[in-house]
>>> print(open('work-v8.cif').read())   # mmCIF, C-alpha atoms
data_target
#
loop_
_atom_site.label_atom_id
_atom_site.label_comp_id
_atom_site.auth_asym_id
_atom_site.auth_seq_id
_atom_site.Cartn_x
_atom_site.Cartn_y
_atom_site.Cartn_z
CA MET W 1463 -7.23 -8.76 22.44
CA ARG W 1464 -8.72 -6.28 19.99
CA VAL W 1465 -6.31 -3.54 19.01
CA LEU W 1466 -7.58 -0.39 17.36
CA VAL W 1467 -5.47 1.70 15.00
CA THR W 1468 -6.78 4.85 13.36
CA GLY W 1469 -5.27 6.85 10.53
CA CYS W 1470 -5.57 8.53 7.15
CA PHE W 1471 -3.38 6.02 5.28
CA ASP W 1472 -3.37 8.35 2.28
CA ILE W 1473 -0.35 6.74 0.63
CA ILE W 1474 0.79 3.55 2.29
CA HIS W 1475 4.44 3.49 3.40
CA PRO W 1476 6.61 1.24 5.61
CA GLY W 1477 5.86 3.43 8.66
CA HIS W 1478 2.19 2.46 8.43
CA ILE W 1479 3.10 -1.17 7.97
CA HIS W 1480 5.43 -1.11 10.93
CA LEU W 1481 2.69 0.39 13.11
CA LEU W 1482 0.20 -2.28 12.03
CA LYS W 1483 2.78 -5.03 12.53
CA GLU W 1484 3.52 -3.83 16.06
CA ALA W 1485 -0.23 -3.59 16.74
CA ALA W 1486 -0.66 -7.17 15.51
CA LYS W 1487 1.80 -8.34 18.16
CA LEU W 1488 -0.75 -7.20 20.75
CA GLY W 1489 -3.85 -8.79 19.21
CA ASP W 1490 -6.26 -8.67 16.29
CA VAL W 1491 -5.95 -5.36 14.51
CA TYR W 1492 -9.04 -3.32 13.65
CA VAL W 1493 -8.45 -0.14 11.67
CA ILE W 1494 -10.53 3.00 11.43
CA VAL W 1495 -9.75 4.83 8.20
CA ALA W 1496 -10.43 8.56 8.56
CA ARG W 1497 -13.17 9.97 6.35
CA ASP W 1498 -12.32 12.44 3.58
CA SER W 1499 -14.36 15.10 5.36
CA THR W 1500 -12.55 14.52 8.67
CA ILE W 1501 -9.12 14.83 7.04
CA GLU W 1502 -10.14 18.01 5.25
CA ARG W 1503 -11.37 19.46 8.53
CA TYR W 1504 -8.26 18.55 10.52
CA LYS W 1505 -5.51 19.09 7.96
CA ASN W 1506 -7.17 21.77 5.89
CA GLU W 1507 -6.31 19.69 2.85
CA LYS W 1508 -8.13 16.93 1.04
CA PRO W 1509 -6.53 13.50 1.02
CA ILE W 1510 -5.16 12.46 -2.38
CA ILE W 1511 -6.85 9.07 -2.33
CA PRO W 1512 -10.63 8.92 -1.77
CA GLU W 1513 -11.79 7.14 1.39
CA GLN W 1514 -13.18 3.97 -0.19
CA GLN W 1515 -9.90 3.43 -2.03
CA ARG W 1516 -7.83 4.05 1.13
CA LEU W 1517 -10.05 1.53 2.92
CA GLU W 1518 -9.55 -1.08 0.18
CA VAL W 1519 -5.76 -0.83 0.41
CA ILE W 1520 -5.59 -0.99 4.20
CA LYS W 1521 -7.86 -4.06 4.24
CA SER W 1522 -5.31 -5.87 2.08
CA ILE W 1523 -2.46 -5.50 4.59
CA LYS W 1524 -1.41 -8.77 6.24
CA PHE W 1525 -1.54 -7.43 9.79
CA VAL W 1526 -5.09 -6.08 9.53
CA THR W 1527 -8.03 -8.22 10.67
CA ASN W 1528 -10.62 -5.73 9.48
CA ALA W 1529 -10.93 -2.07 8.58
CA VAL W 1530 -13.87 0.31 8.42
CA LEU W 1531 -14.43 3.95 7.55
CA GLY W 1532 -14.64 6.30 10.51
CA SER W 1533 -17.54 8.39 11.65
CA GLU W 1534 -18.07 11.85 10.22
CA LYS W 1535 -19.03 13.16 13.64
CA ASN W 1536 -17.07 16.15 14.86
CA GLY W 1537 -14.27 16.05 17.38
CA ASP W 1538 -12.58 13.48 19.58
CA HIS W 1539 -15.85 12.86 21.39
CA GLY W 1540 -17.36 11.65 18.12
CA TYR W 1541 -14.24 9.64 17.39
CA LEU W 1542 -14.27 7.84 20.74
CA GLN W 1543 -17.98 7.15 20.60
CA PHE W 1544 -17.49 5.46 17.25
CA ALA W 1545 -14.23 3.74 18.25
CA LEU W 1546 -15.93 2.11 21.23
CA THR W 1547 -18.51 0.46 18.98
CA LEU W 1548 -15.58 -1.64 17.70
CA LYS W 1549 -15.01 -2.87 21.29
CA PRO W 1550 -11.24 -2.36 21.46
CA ASP W 1551 -9.12 -3.57 24.37
CA ILE W 1552 -6.27 -1.30 23.30
CA ILE W 1553 -6.21 1.93 21.31
CA PHE W 1554 -2.80 2.03 19.65
CA LEU W 1555 -1.47 5.40 18.48
CA GLY W 1556 1.26 6.03 15.91
CA PRO W 1557 4.31 8.18 16.73
CA ASN W 1558 3.05 11.06 14.56
CA GLN W 1559 -0.54 11.11 15.76
CA ARG W 1560 -1.45 14.37 17.44
CA THR W 1561 -3.94 13.01 19.98
CA SER W 1562 -2.35 12.68 23.42
CA VAL W 1563 -2.62 9.49 25.43
CA ASN W 1564 -3.86 11.41 28.48
CA TYR W 1565 -6.50 13.24 26.50
CA LEU W 1566 -7.85 9.94 25.17
CA LYS W 1567 -7.79 8.41 28.64
CA LYS W 1568 -9.90 11.27 29.96
CA GLY W 1569 -12.32 10.77 27.10
CA LEU W 1570 -12.54 7.07 27.89
CA GLU W 1571 -13.41 7.90 31.50
CA GLU W 1572 -16.29 10.03 30.27
CA PHE W 1573 -17.61 7.04 28.38
CA HIS W 1574 -17.07 4.77 31.41
CA SER W 1575 -14.54 2.79 29.37
CA GLU W 1576 -11.46 2.98 31.57
CA HIS W 1577 -10.81 -0.69 30.82
CA VAL W 1578 -9.58 0.31 27.35
CA GLN W 1579 -5.80 0.78 27.34
CA VAL W 1580 -4.21 3.56 25.35
CA ARG W 1581 -0.68 2.96 24.07
CA ARG W 1582 1.61 4.73 21.67
CA LEU W 1583 4.34 3.40 19.41
CA ASN W 1584 6.93 5.99 20.30
CA LYS W 1585 9.67 5.54 17.77
CA ILE W 1586 9.28 6.70 14.18
CA TYR W 1587 10.22 3.86 11.83
CA ASP W 1588 13.06 5.38 9.88
CA LYS W 1589 14.51 2.40 8.05
CA PHE W 1590 13.31 3.79 4.72
CA GLU W 1591 13.77 7.08 2.95
CA LEU W 1592 10.18 8.21 2.44
CA LYS W 1593 8.81 7.95 5.96
CA SER W 1594 5.43 9.65 5.56
CA SER W 1595 2.65 10.22 3.06
CA SER W 1596 3.68 13.90 3.06
CA ALA W 1597 7.28 13.04 2.16
CA ILE W 1598 6.03 10.92 -0.75
CA LYS W 1599 3.79 13.73 -2.00
CA GLU W 1600 6.66 16.20 -1.71
CA ARG W 1601 8.91 13.88 -3.72
CA ILE W 1602 6.28 13.65 -6.47
CA ARG W 1603 5.97 17.42 -6.59
CA THR W 1604 9.75 17.95 -6.68
CA GLN W 1605 10.27 15.31 -9.38
CA SER W 1606 7.54 16.99 -11.39
CA LYS W 1607 9.25 20.38 -11.13
CA LYS W 1608 12.60 18.97 -12.21
CA LYS W 1609 11.08 17.62 -15.41
CA LYS W 1610 9.84 21.02 -16.57
CA MET M 151 1.06 -23.88 -7.90
CA ARG M 152 3.57 -21.03 -7.78
CA VAL M 153 2.27 -17.88 -9.44
CA LEU M 154 4.67 -15.13 -10.43
CA VAL M 155 3.64 -11.48 -10.64
CA THR M 156 6.05 -8.74 -11.63
CA GLY M 157 5.63 -4.98 -11.38
CA CYS M 158 6.88 -1.58 -10.26
CA PHE M 159 4.31 -1.11 -7.49
CA ASP M 160 5.40 2.50 -7.12
CA ILE M 161 2.30 3.60 -5.25
CA ILE M 162 0.02 0.77 -4.22
CA HIS M 163 -3.59 1.04 -5.42
CA PRO M 164 -6.60 -1.28 -5.59
CA GLY M 165 -5.64 -2.37 -9.14
CA HIS M 166 -2.44 -3.93 -7.78
CA ILE M 167 -4.35 -5.56 -4.97
CA HIS M 168 -6.95 -6.96 -7.33
CA LEU M 169 -4.20 -8.44 -9.53
CA LEU M 170 -2.52 -10.07 -6.52
CA LYS M 171 -5.87 -11.35 -5.21
CA GLU M 172 -6.67 -12.93 -8.57
CA ALA M 173 -3.16 -14.42 -8.69
CA ALA M 174 -3.68 -15.88 -5.22
CA LYS M 175 -6.73 -17.76 -6.50
CA LEU M 176 -4.33 -19.73 -8.73
CA GLY M 177 -1.68 -20.53 -6.12
CA ASP M 178 1.03 -19.08 -3.89
CA VAL M 179 1.99 -15.65 -5.13
CA TYR M 180 5.65 -14.68 -5.60
CA VAL M 181 6.33 -11.12 -6.65
CA ILE M 182 9.29 -9.63 -8.46
CA VAL M 183 9.54 -5.92 -7.72
CA ALA M 184 11.28 -4.07 -10.57
CA ARG M 185 14.59 -2.43 -9.71
CA ASP M 186 14.92 1.37 -9.74
CA SER M 187 17.43 1.12 -12.61
CA THR M 188 15.08 -1.08 -14.67
CA ILE M 189 12.17 1.33 -14.26
CA GLU M 190 14.33 4.28 -15.21
CA ARG M 191 15.49 2.45 -18.33
CA TYR M 192 12.00 1.39 -19.43
CA LYS M 193 9.93 4.40 -18.44
CA ASN M 194 12.59 7.07 -18.76
CA GLU M 195 11.55 8.24 -15.32
CA LYS M 196 12.69 7.28 -11.84
CA PRO M 197 10.13 5.65 -9.57
CA ILE M 198 8.99 7.87 -6.69
CA ILE M 199 9.53 5.21 -4.05
CA PRO M 200 12.97 3.56 -3.79
CA GLU M 201 13.10 -0.19 -4.50
CA GLN M 202 13.65 -1.42 -0.95
CA GLN M 203 10.65 0.58 0.23
CA ARG M 204 8.45 -0.69 -2.63
CA LEU M 205 9.53 -4.23 -1.71
CA GLU M 206 8.65 -3.71 1.97
CA VAL M 207 5.12 -2.57 1.10
CA ILE M 208 4.40 -5.36 -1.36
CA LYS M 209 5.59 -7.98 1.13
CA SER M 210 2.93 -6.76 3.56
CA ILE M 211 0.01 -7.47 1.21
CA LYS M 212 -2.21 -10.37 2.32
CA PHE M 213 -2.15 -12.16 -1.04
CA VAL M 214 1.65 -12.22 -1.35
CA THR M 215 3.61 -15.28 -0.19
CA ASN M 216 6.97 -13.65 -0.82
CA ALA M 217 8.50 -10.83 -2.82
CA VAL M 218 12.03 -10.13 -4.04
CA LEU M 219 13.77 -7.41 -6.00
CA GLY M 220 14.29 -8.16 -9.69
CA SER M 221 17.53 -8.57 -11.56
CA GLU M 222 19.27 -5.54 -13.03
CA LYS M 223 20.12 -7.48 -16.18
CA ASN M 224 18.98 -5.90 -19.42
CA GLY M 225 15.96 -6.94 -21.43
CA ASP M 226 13.31 -9.64 -21.28
CA HIS M 227 15.95 -12.34 -21.62
CA GLY M 228 17.47 -11.20 -18.32
CA TYR M 229 14.01 -10.95 -16.80
CA LEU M 230 13.03 -14.50 -17.77
CA GLN M 231 16.33 -15.97 -16.65
CA PHE M 232 15.81 -14.43 -13.23
CA ALA M 233 12.07 -15.22 -13.11
CA LEU M 234 12.77 -18.91 -13.71
CA THR M 235 15.00 -19.08 -10.65
CA LEU M 236 11.77 -18.58 -8.66
CA LYS M 237 10.37 -21.75 -10.30
CA PRO M 238 6.94 -20.41 -11.28
CA ASP M 239 4.19 -22.63 -12.68
CA ILE M 240 2.33 -19.57 -13.96
CA ILE M 241 3.55 -16.12 -14.96
CA PHE M 242 0.59 -13.81 -14.38
CA LEU M 243 0.51 -10.46 -16.20
CA GLY M 244 -1.52 -7.40 -15.31
CA PRO M 245 -3.86 -5.73 -17.81
CA ASN M 246 -1.50 -2.77 -18.26
CA GLN M 247 1.75 -4.69 -18.63
CA ARG M 248 3.39 -4.15 -22.00
CA THR M 249 4.97 -7.60 -22.41
CA SER M 250 2.90 -9.79 -24.74
CA VAL M 251 1.90 -13.31 -23.74
CA ASN M 252 3.24 -14.72 -27.01
CA TYR M 253 6.57 -12.96 -26.65
CA LEU M 254 7.02 -14.44 -23.16
CA LYS M 255 6.01 -17.89 -24.42
CA LYS M 256 8.71 -17.73 -27.10
CA GLY M 257 11.24 -16.71 -24.47
CA LEU M 258 10.20 -19.62 -22.28
CA GLU M 259 10.77 -21.99 -25.22
CA GLU M 260 14.30 -20.66 -25.53
CA PHE M 261 14.87 -21.54 -21.88
CA HIS M 262 13.25 -24.98 -22.36
CA SER M 263 10.55 -23.95 -19.90
CA GLU M 264 7.40 -24.48 -21.97
CA HIS M 265 5.77 -26.01 -18.90
CA VAL M 266 5.40 -22.51 -17.43
CA GLN M 267 1.98 -21.08 -18.26
CA VAL M 268 1.59 -17.41 -19.17
CA ARG M 269 -1.74 -15.80 -18.34
CA ARG M 270 -3.02 -12.27 -18.30
CA LEU M 271 -5.69 -10.62 -16.18
CA ASN M 272 -7.48 -8.87 -19.00
CA LYS M 273 -9.85 -6.50 -17.34
CA ILE M 274 -8.65 -3.30 -15.70
CA TYR M 275 -10.07 -3.06 -12.20
CA ASP M 276 -12.02 0.16 -12.35
CA LYS M 277 -14.06 0.09 -9.17
CA PHE M 278 -12.05 3.00 -7.75
CA GLU M 279 -11.25 6.45 -9.01
CA LEU M 280 -7.44 6.42 -8.99
CA LYS M 281 -6.72 3.30 -10.98
CA SER M 282 -2.95 3.62 -11.50
CA SER M 283 0.19 4.93 -9.83
CA SER M 284 0.33 7.52 -12.65
CA ALA M 285 -3.19 8.73 -11.88
CA ILE M 286 -2.26 9.13 -8.22
CA LYS M 287 0.89 11.11 -9.09
CA GLU M 288 -1.11 13.30 -11.47
CA ARG M 289 -3.67 14.00 -8.73
CA ILE M 290 -0.88 15.04 -6.36
CA ARG M 291 0.60 17.39 -8.95
CA THR M 292 -2.79 18.92 -9.78
CA GLN M 293 -3.72 19.39 -6.13
CA SER M 294 -0.34 21.05 -5.60
CA LYS M 295 -0.93 23.48 -8.47
CA LYS M 296 -4.36 24.41 -7.17
CA LYS M 297 -2.90 25.41 -3.82
CA LYS M 298 -0.51 27.95 -5.35
#
>>> encode(input="work-v8.cif", output="structure tokens")
Amino acid sequence: MRVLVTGCFDIIHPGHIHLLKEAAKLGDVYVIVARDSTIERYKNEKPIIPEQQRLEVIKSIKFVTNAVLGSEKNGDHGYLQFALTLKPDIIFLGPNQRTSVNYLKKGLEEFHSEHVQVRRLNKIYDKFELKSSSAIKERIRTQSKKKK
Amino acid sequence: MRVLVTGCFDIIHPGHIHLLKEAAKLGDVYVIVARDSTIERYKNEKPIIPEQQRLEVIKSIKFVTNAVLGSEKNGDHGYLQFALTLKPDIIFLGPNQRTSVNYLKKGLEEFHSEHVQVRRLNKIYDKFELKSSSAIKERIRTQSKKKK
């Protein structure tokens, strides 16, 4: 089974690793790392780490078979078109990812790819204190302010 | 061969991964992740990411056989005493690490462990823009200021 995970992976944290580990239980994990331009468009904020560097880090994670940069094409249509070139059997979403399972399923129908399963890891992995890239960035900013 | 790498690994970047990859060319890589208290003592600044979380991330890197938290004992003497419990054949230093090869060799003599080799990866891996945890933190602070 080929399992597809997509994300920004701006600053790697145990939540990412947990997601990839769970994905690896289902099959070989292929990752699409979101482009800088895509992140800026969706989050209205540049990622901290440039795309090639984010790709390099994600490729080094044990549970990842291979990772590639995403497409710069607009919208979920563009995303799915690109995702399908990686021939996934399962698209595996993280608990924080905005895309809805049903929305993706409808998109897959449009591409005549109903055979692709869409699943979501529902529970946020909260074993560790800094559970998201945003929380890590916020900690860095707060620590910086304290020093002044 | 058992190869020992030690570091803070506060925010993982391609420089860390390159170091671990090079270490893995020499043998099985065991990592000591510096304790929060040790980092605070040496750098006069807390790490951003708590030790258990830093450990979790480093354990998930492809080139790492196993990783453990360091000892909280003071000084290089304490470090070496703990490092030797992991029975390394090689202690592998990163290009930025302050400890000198000769200083470590003298310490190893004191512990009658001259058989342990000490090597350093000399060249900083500069293929990517944000080459250190400090550079990443600085980028986050700058980006934060710009937004205000």
>>> residues_around(input="work-v8.cif", residues="M:Leu219", least_positions_apart="2", cutoff="7 Å", atoms="all atoms listed in the file", output="list of chain:residue names")
M:Ile182, M:Val183, M:Ala184, M:Arg185, M:Leu205, M:Ser221
>>> write_last_selection(input="work-v8.cif", atoms="C-alpha atoms", output="mmCIF file, keeping the file's coordinate frame")
data_model
loop_
_atom_site.group_PDB
_atom_site.id
_atom_site.type_symbol
_atom_site.label_atom_id
_atom_site.label_comp_id
_atom_site.auth_asym_id
_atom_site.auth_seq_id
_atom_site.Cartn_x
_atom_site.Cartn_y
_atom_site.Cartn_z
ATOM 1 C CA ILE M 182 9.290 -9.630 -8.460
ATOM 2 C CA VAL M 183 9.540 -5.920 -7.720
ATOM 3 C CA ALA M 184 11.280 -4.070 -10.570
ATOM 4 C CA ARG M 185 14.590 -2.430 -9.710
ATOM 5 C CA LEU M 205 9.530 -4.230 -1.710
ATOM 6 C CA SER M 221 17.530 -8.570 -11.560
#
>>> closest_residue(input="work-v8.cif", among="W:Gly1477, W:Pro1509, W:Gly1532, W:Gly1469", to="W:Gln1559", atoms="all atoms listed in the file")
W:Gly1469
>>> interface_residues(input="work-v8.cif", of="chain W", to="chain M", cutoff="10 Å", atoms="only C-alpha atoms", output="MDAnalysis selection string")
chainID W and resid 1473:1480 1482:1483 1507:1512 1514:1526 1589:1593 1598:1607 1609
>>> calpha_fit_and_write(input="work-v8.cif", fixed="chain M", moving="chain W", output="mmCIF file with C-alpha atoms, in the coordinates of the input")
data_model
loop_
_atom_site.group_PDB
_atom_site.id
_atom_site.type_symbol
_atom_site.label_atom_id
_atom_site.label_comp_id
_atom_site.auth_asym_id
_atom_site.auth_seq_id
_atom_site.Cartn_x
_atom_site.Cartn_y
_atom_site.Cartn_z
ATOM 1 C CA MET W 1463 1.088 -23.867 -7.867
ATOM 2 C CA ARG W 1464 3.583 -21.012 -7.800
ATOM 3 C CA VAL W 1465 2.280 -17.871 -9.447
ATOM 4 C CA LEU W 1466 4.663 -15.114 -10.436
ATOM 5 C CA VAL W 1467 3.633 -11.468 -10.638
ATOM 6 C CA THR W 1468 6.052 -8.730 -11.628
ATOM 7 C CA GLY W 1469 5.624 -4.984 -11.364
ATOM 8 C CA CYS W 1470 6.879 -1.590 -10.251
ATOM 9 C CA PHE W 1471 4.304 -1.124 -7.468
ATOM 10 C CA ASP W 1472 5.414 2.493 -7.124
ATOM 11 C CA ILE W 1473 2.301 3.610 -5.254
ATOM 12 C CA ILE W 1474 0.028 0.781 -4.225
ATOM 13 C CA HIS W 1475 -3.582 1.054 -5.431
ATOM 14 C CA PRO W 1476 -6.615 -1.277 -5.594
ATOM 15 C CA GLY W 1477 -5.655 -2.355 -9.141
ATOM 16 C CA HIS W 1478 -2.461 -3.909 -7.784
ATOM 17 C CA ILE W 1479 -4.363 -5.547 -4.970
ATOM 18 C CA HIS W 1480 -6.944 -6.941 -7.335
ATOM 19 C CA LEU W 1481 -4.201 -8.424 -9.522
ATOM 20 C CA LEU W 1482 -2.521 -10.056 -6.521
ATOM 21 C CA LYS W 1483 -5.859 -11.335 -5.221
ATOM 22 C CA GLU W 1484 -6.672 -12.919 -8.580
ATOM 23 C CA ALA W 1485 -3.157 -14.406 -8.703
ATOM 24 C CA ALA W 1486 -3.676 -15.865 -5.222
ATOM 25 C CA LYS W 1487 -6.712 -17.757 -6.504
ATOM 26 C CA LEU W 1488 -4.314 -19.702 -8.735
ATOM 27 C CA GLY W 1489 -1.667 -20.518 -6.120
ATOM 28 C CA ASP W 1490 1.039 -19.066 -3.902
ATOM 29 C CA VAL W 1491 1.999 -15.634 -5.134
ATOM 30 C CA TYR W 1492 5.651 -14.690 -5.606
ATOM 31 C CA VAL W 1493 6.334 -11.108 -6.647
ATOM 32 C CA ILE W 1494 9.285 -9.624 -8.472
ATOM 33 C CA VAL W 1495 9.548 -5.916 -7.716
ATOM 34 C CA ALA W 1496 11.277 -4.073 -10.565
ATOM 35 C CA ARG W 1497 14.591 -2.436 -9.716
ATOM 36 C CA ASP W 1498 14.920 1.357 -9.743
ATOM 37 C CA SER W 1499 17.412 1.095 -12.594
ATOM 38 C CA THR W 1500 15.078 -1.107 -14.662
ATOM 39 C CA ILE W 1501 12.162 1.310 -14.250
ATOM 40 C CA GLU W 1502 14.337 4.264 -15.200
ATOM 41 C CA ARG W 1503 15.491 2.414 -18.301
ATOM 42 C CA TYR W 1504 12.011 1.359 -19.414
ATOM 43 C CA LYS W 1505 9.933 4.384 -18.446
ATOM 44 C CA ASN W 1506 12.597 7.036 -18.758
ATOM 45 C CA GLU W 1507 11.566 8.208 -15.312
ATOM 46 C CA LYS W 1508 12.686 7.253 -11.843
ATOM 47 C CA PRO W 1509 10.135 5.631 -9.566
ATOM 48 C CA ILE W 1510 8.989 7.864 -6.699
ATOM 49 C CA ILE W 1511 9.542 5.212 -4.050
ATOM 50 C CA PRO W 1512 12.983 3.561 -3.806
ATOM 51 C CA GLU W 1513 13.103 -0.181 -4.499
ATOM 52 C CA GLN W 1514 13.661 -1.425 -0.947
ATOM 53 C CA GLN W 1515 10.656 0.571 0.242
ATOM 54 C CA ARG W 1516 8.463 -0.699 -2.628
ATOM 55 C CA LEU W 1517 9.543 -4.232 -1.714
ATOM 56 C CA GLU W 1518 8.649 -3.714 1.961
ATOM 57 C CA VAL W 1519 5.122 -2.570 1.108
ATOM 58 C CA ILE W 1520 4.397 -5.359 -1.365
ATOM 59 C CA LYS W 1521 5.595 -7.982 1.138
ATOM 60 C CA SER W 1522 2.933 -6.763 3.562
ATOM 61 C CA ILE W 1523 0.018 -7.480 1.207
ATOM 62 C CA LYS W 1524 -2.194 -10.379 2.313
ATOM 63 C CA PHE W 1525 -2.146 -12.157 -1.042
ATOM 64 C CA VAL W 1526 1.647 -12.215 -1.359
ATOM 65 C CA THR W 1527 3.610 -15.262 -0.182
ATOM 66 C CA ASN W 1528 6.973 -13.649 -0.825
ATOM 67 C CA ALA W 1529 8.504 -10.825 -2.821
ATOM 68 C CA VAL W 1530 12.023 -10.131 -4.034
ATOM 69 C CA LEU W 1531 13.779 -7.418 -6.002
ATOM 70 C CA GLY W 1532 14.291 -8.167 -9.677
ATOM 71 C CA SER W 1533 17.506 -8.582 -11.565
ATOM 72 C CA GLU W 1534 19.256 -5.566 -13.028
ATOM 73 C CA LYS W 1535 20.094 -7.521 -16.160
ATOM 74 C CA ASN W 1536 18.992 -5.953 -19.415
ATOM 75 C CA GLY W 1537 15.979 -6.984 -21.430
ATOM 76 C CA ASP W 1538 13.303 -9.652 -21.290
ATOM 77 C CA HIS W 1539 15.950 -12.343 -21.622
ATOM 78 C CA GLY W 1540 17.449 -11.188 -18.327
ATOM 79 C CA TYR W 1541 13.995 -10.953 -16.804
ATOM 80 C CA LEU W 1542 13.018 -14.501 -17.766
ATOM 81 C CA GLN W 1543 16.324 -15.958 -16.666
ATOM 82 C CA PHE W 1544 15.803 -14.432 -13.243
ATOM 83 C CA ALA W 1545 12.069 -15.227 -13.120
ATOM 84 C CA LEU W 1546 12.768 -18.911 -13.726
ATOM 85 C CA THR W 1547 15.004 -19.092 -10.658
ATOM 86 C CA LEU W 1548 11.776 -18.574 -8.672
ATOM 87 C CA LYS W 1549 10.374 -21.759 -10.290
ATOM 88 C CA PRO W 1550 6.953 -20.416 -11.287
ATOM 89 C CA ASP W 1551 4.190 -22.624 -12.671
ATOM 90 C CA ILE W 1552 2.341 -19.575 -13.977
ATOM 91 C CA ILE W 1553 3.541 -16.116 -14.974
ATOM 92 C CA PHE W 1554 0.583 -13.813 -14.388
ATOM 93 C CA LEU W 1555 0.517 -10.474 -16.215
ATOM 94 C CA GLY W 1556 -1.514 -7.392 -15.303
ATOM 95 C CA PRO W 1557 -3.845 -5.723 -17.828
ATOM 96 C CA ASN W 1558 -1.484 -2.754 -18.271
ATOM 97 C CA GLN W 1559 1.752 -4.686 -18.631
ATOM 98 C CA ARG W 1560 3.375 -4.159 -22.002
ATOM 99 C CA THR W 1561 4.961 -7.598 -22.398
ATOM 100 C CA SER W 1562 2.894 -9.806 -24.705
ATOM 101 C CA VAL W 1563 1.901 -13.318 -23.721
ATOM 102 C CA ASN W 1564 3.240 -14.714 -27.005
ATOM 103 C CA TYR W 1565 6.556 -12.953 -26.629
ATOM 104 C CA LEU W 1566 7.004 -14.447 -23.158
ATOM 105 C CA LYS W 1567 6.008 -17.886 -24.408
ATOM 106 C CA LYS W 1568 8.689 -17.713 -27.083
ATOM 107 C CA GLY W 1569 11.207 -16.692 -24.456
ATOM 108 C CA LEU W 1570 10.179 -19.622 -22.284
ATOM 109 C CA GLU W 1571 10.760 -21.985 -25.209
ATOM 110 C CA GLU W 1572 14.292 -20.654 -25.525
ATOM 111 C CA PHE W 1573 14.882 -21.541 -21.903
ATOM 112 C CA HIS W 1574 13.268 -24.975 -22.386
ATOM 113 C CA SER W 1575 10.557 -23.954 -19.917
ATOM 114 C CA GLU W 1576 7.412 -24.489 -21.964
ATOM 115 C CA HIS W 1577 5.782 -26.021 -18.890
ATOM 116 C CA VAL W 1578 5.401 -22.517 -17.432
ATOM 117 C CA GLN W 1579 1.982 -21.065 -18.280
ATOM 118 C CA VAL W 1580 1.603 -17.419 -19.160
ATOM 119 C CA ARG W 1581 -1.733 -15.788 -18.341
ATOM 120 C CA ARG W 1582 -3.025 -12.257 -18.309
ATOM 121 C CA LEU W 1583 -5.696 -10.614 -16.189
ATOM 122 C CA ASN W 1584 -7.469 -8.863 -19.018
ATOM 123 C CA LYS W 1585 -9.844 -6.476 -17.353
ATOM 124 C CA ILE W 1586 -8.634 -3.280 -15.709
ATOM 125 C CA TYR W 1587 -10.066 -3.052 -12.192
ATOM 126 C CA ASP W 1588 -12.013 0.166 -12.358
ATOM 127 C CA LYS W 1589 -14.040 0.086 -9.161
ATOM 128 C CA PHE W 1590 -12.031 2.990 -7.749
ATOM 129 C CA GLU W 1591 -11.220 6.448 -8.994
ATOM 130 C CA LEU W 1592 -7.422 6.422 -8.977
ATOM 131 C CA LYS W 1593 -6.690 3.297 -10.985
ATOM 132 C CA SER W 1594 -2.931 3.609 -11.483
ATOM 133 C CA SER W 1595 0.204 4.923 -9.825
ATOM 134 C CA SER W 1596 0.355 7.516 -12.627
ATOM 135 C CA ALA W 1597 -3.178 8.733 -11.886
ATOM 136 C CA ILE W 1598 -2.250 9.143 -8.213
ATOM 137 C CA LYS W 1599 0.889 11.105 -9.094
ATOM 138 C CA GLU W 1600 -1.103 13.300 -11.468
ATOM 139 C CA ARG W 1601 -3.657 14.003 -8.736
ATOM 140 C CA ILE W 1602 -0.874 15.048 -6.350
ATOM 141 C CA ARG W 1603 0.585 17.376 -8.953
ATOM 142 C CA THR W 1604 -2.804 18.922 -9.791
ATOM 143 C CA GLN W 1605 -3.732 19.398 -6.124
ATOM 144 C CA SER W 1606 -0.373 21.060 -5.607
ATOM 145 C CA LYS W 1607 -0.986 23.494 -8.468
ATOM 146 C CA LYS W 1608 -4.426 24.423 -7.174
ATOM 147 C CA LYS W 1609 -2.970 25.438 -3.824
ATOM 148 C CA LYS W 1610 -0.606 28.005 -5.329
#
>>> residues_around(input="work-v8.cif", residues="W:Arg1581", least_positions_apart="6", cutoff="7 Å", atoms="all atoms listed in the file", output="PDB file with C-alpha atoms, keeping the file's coordinate frame")
ATOM      1  CA  ILE W1553      -6.210   1.930  21.310  1.00  0.00           C
ATOM      2  CA  PHE W1554      -2.800   2.030  19.650  1.00  0.00           C
ATOM      3  CA  LEU W1555      -1.470   5.400  18.480  1.00  0.00           C
ATOM      4  CA  VAL W1563      -2.620   9.490  25.430  1.00  0.00           C
TER       5      VAL W1563
END
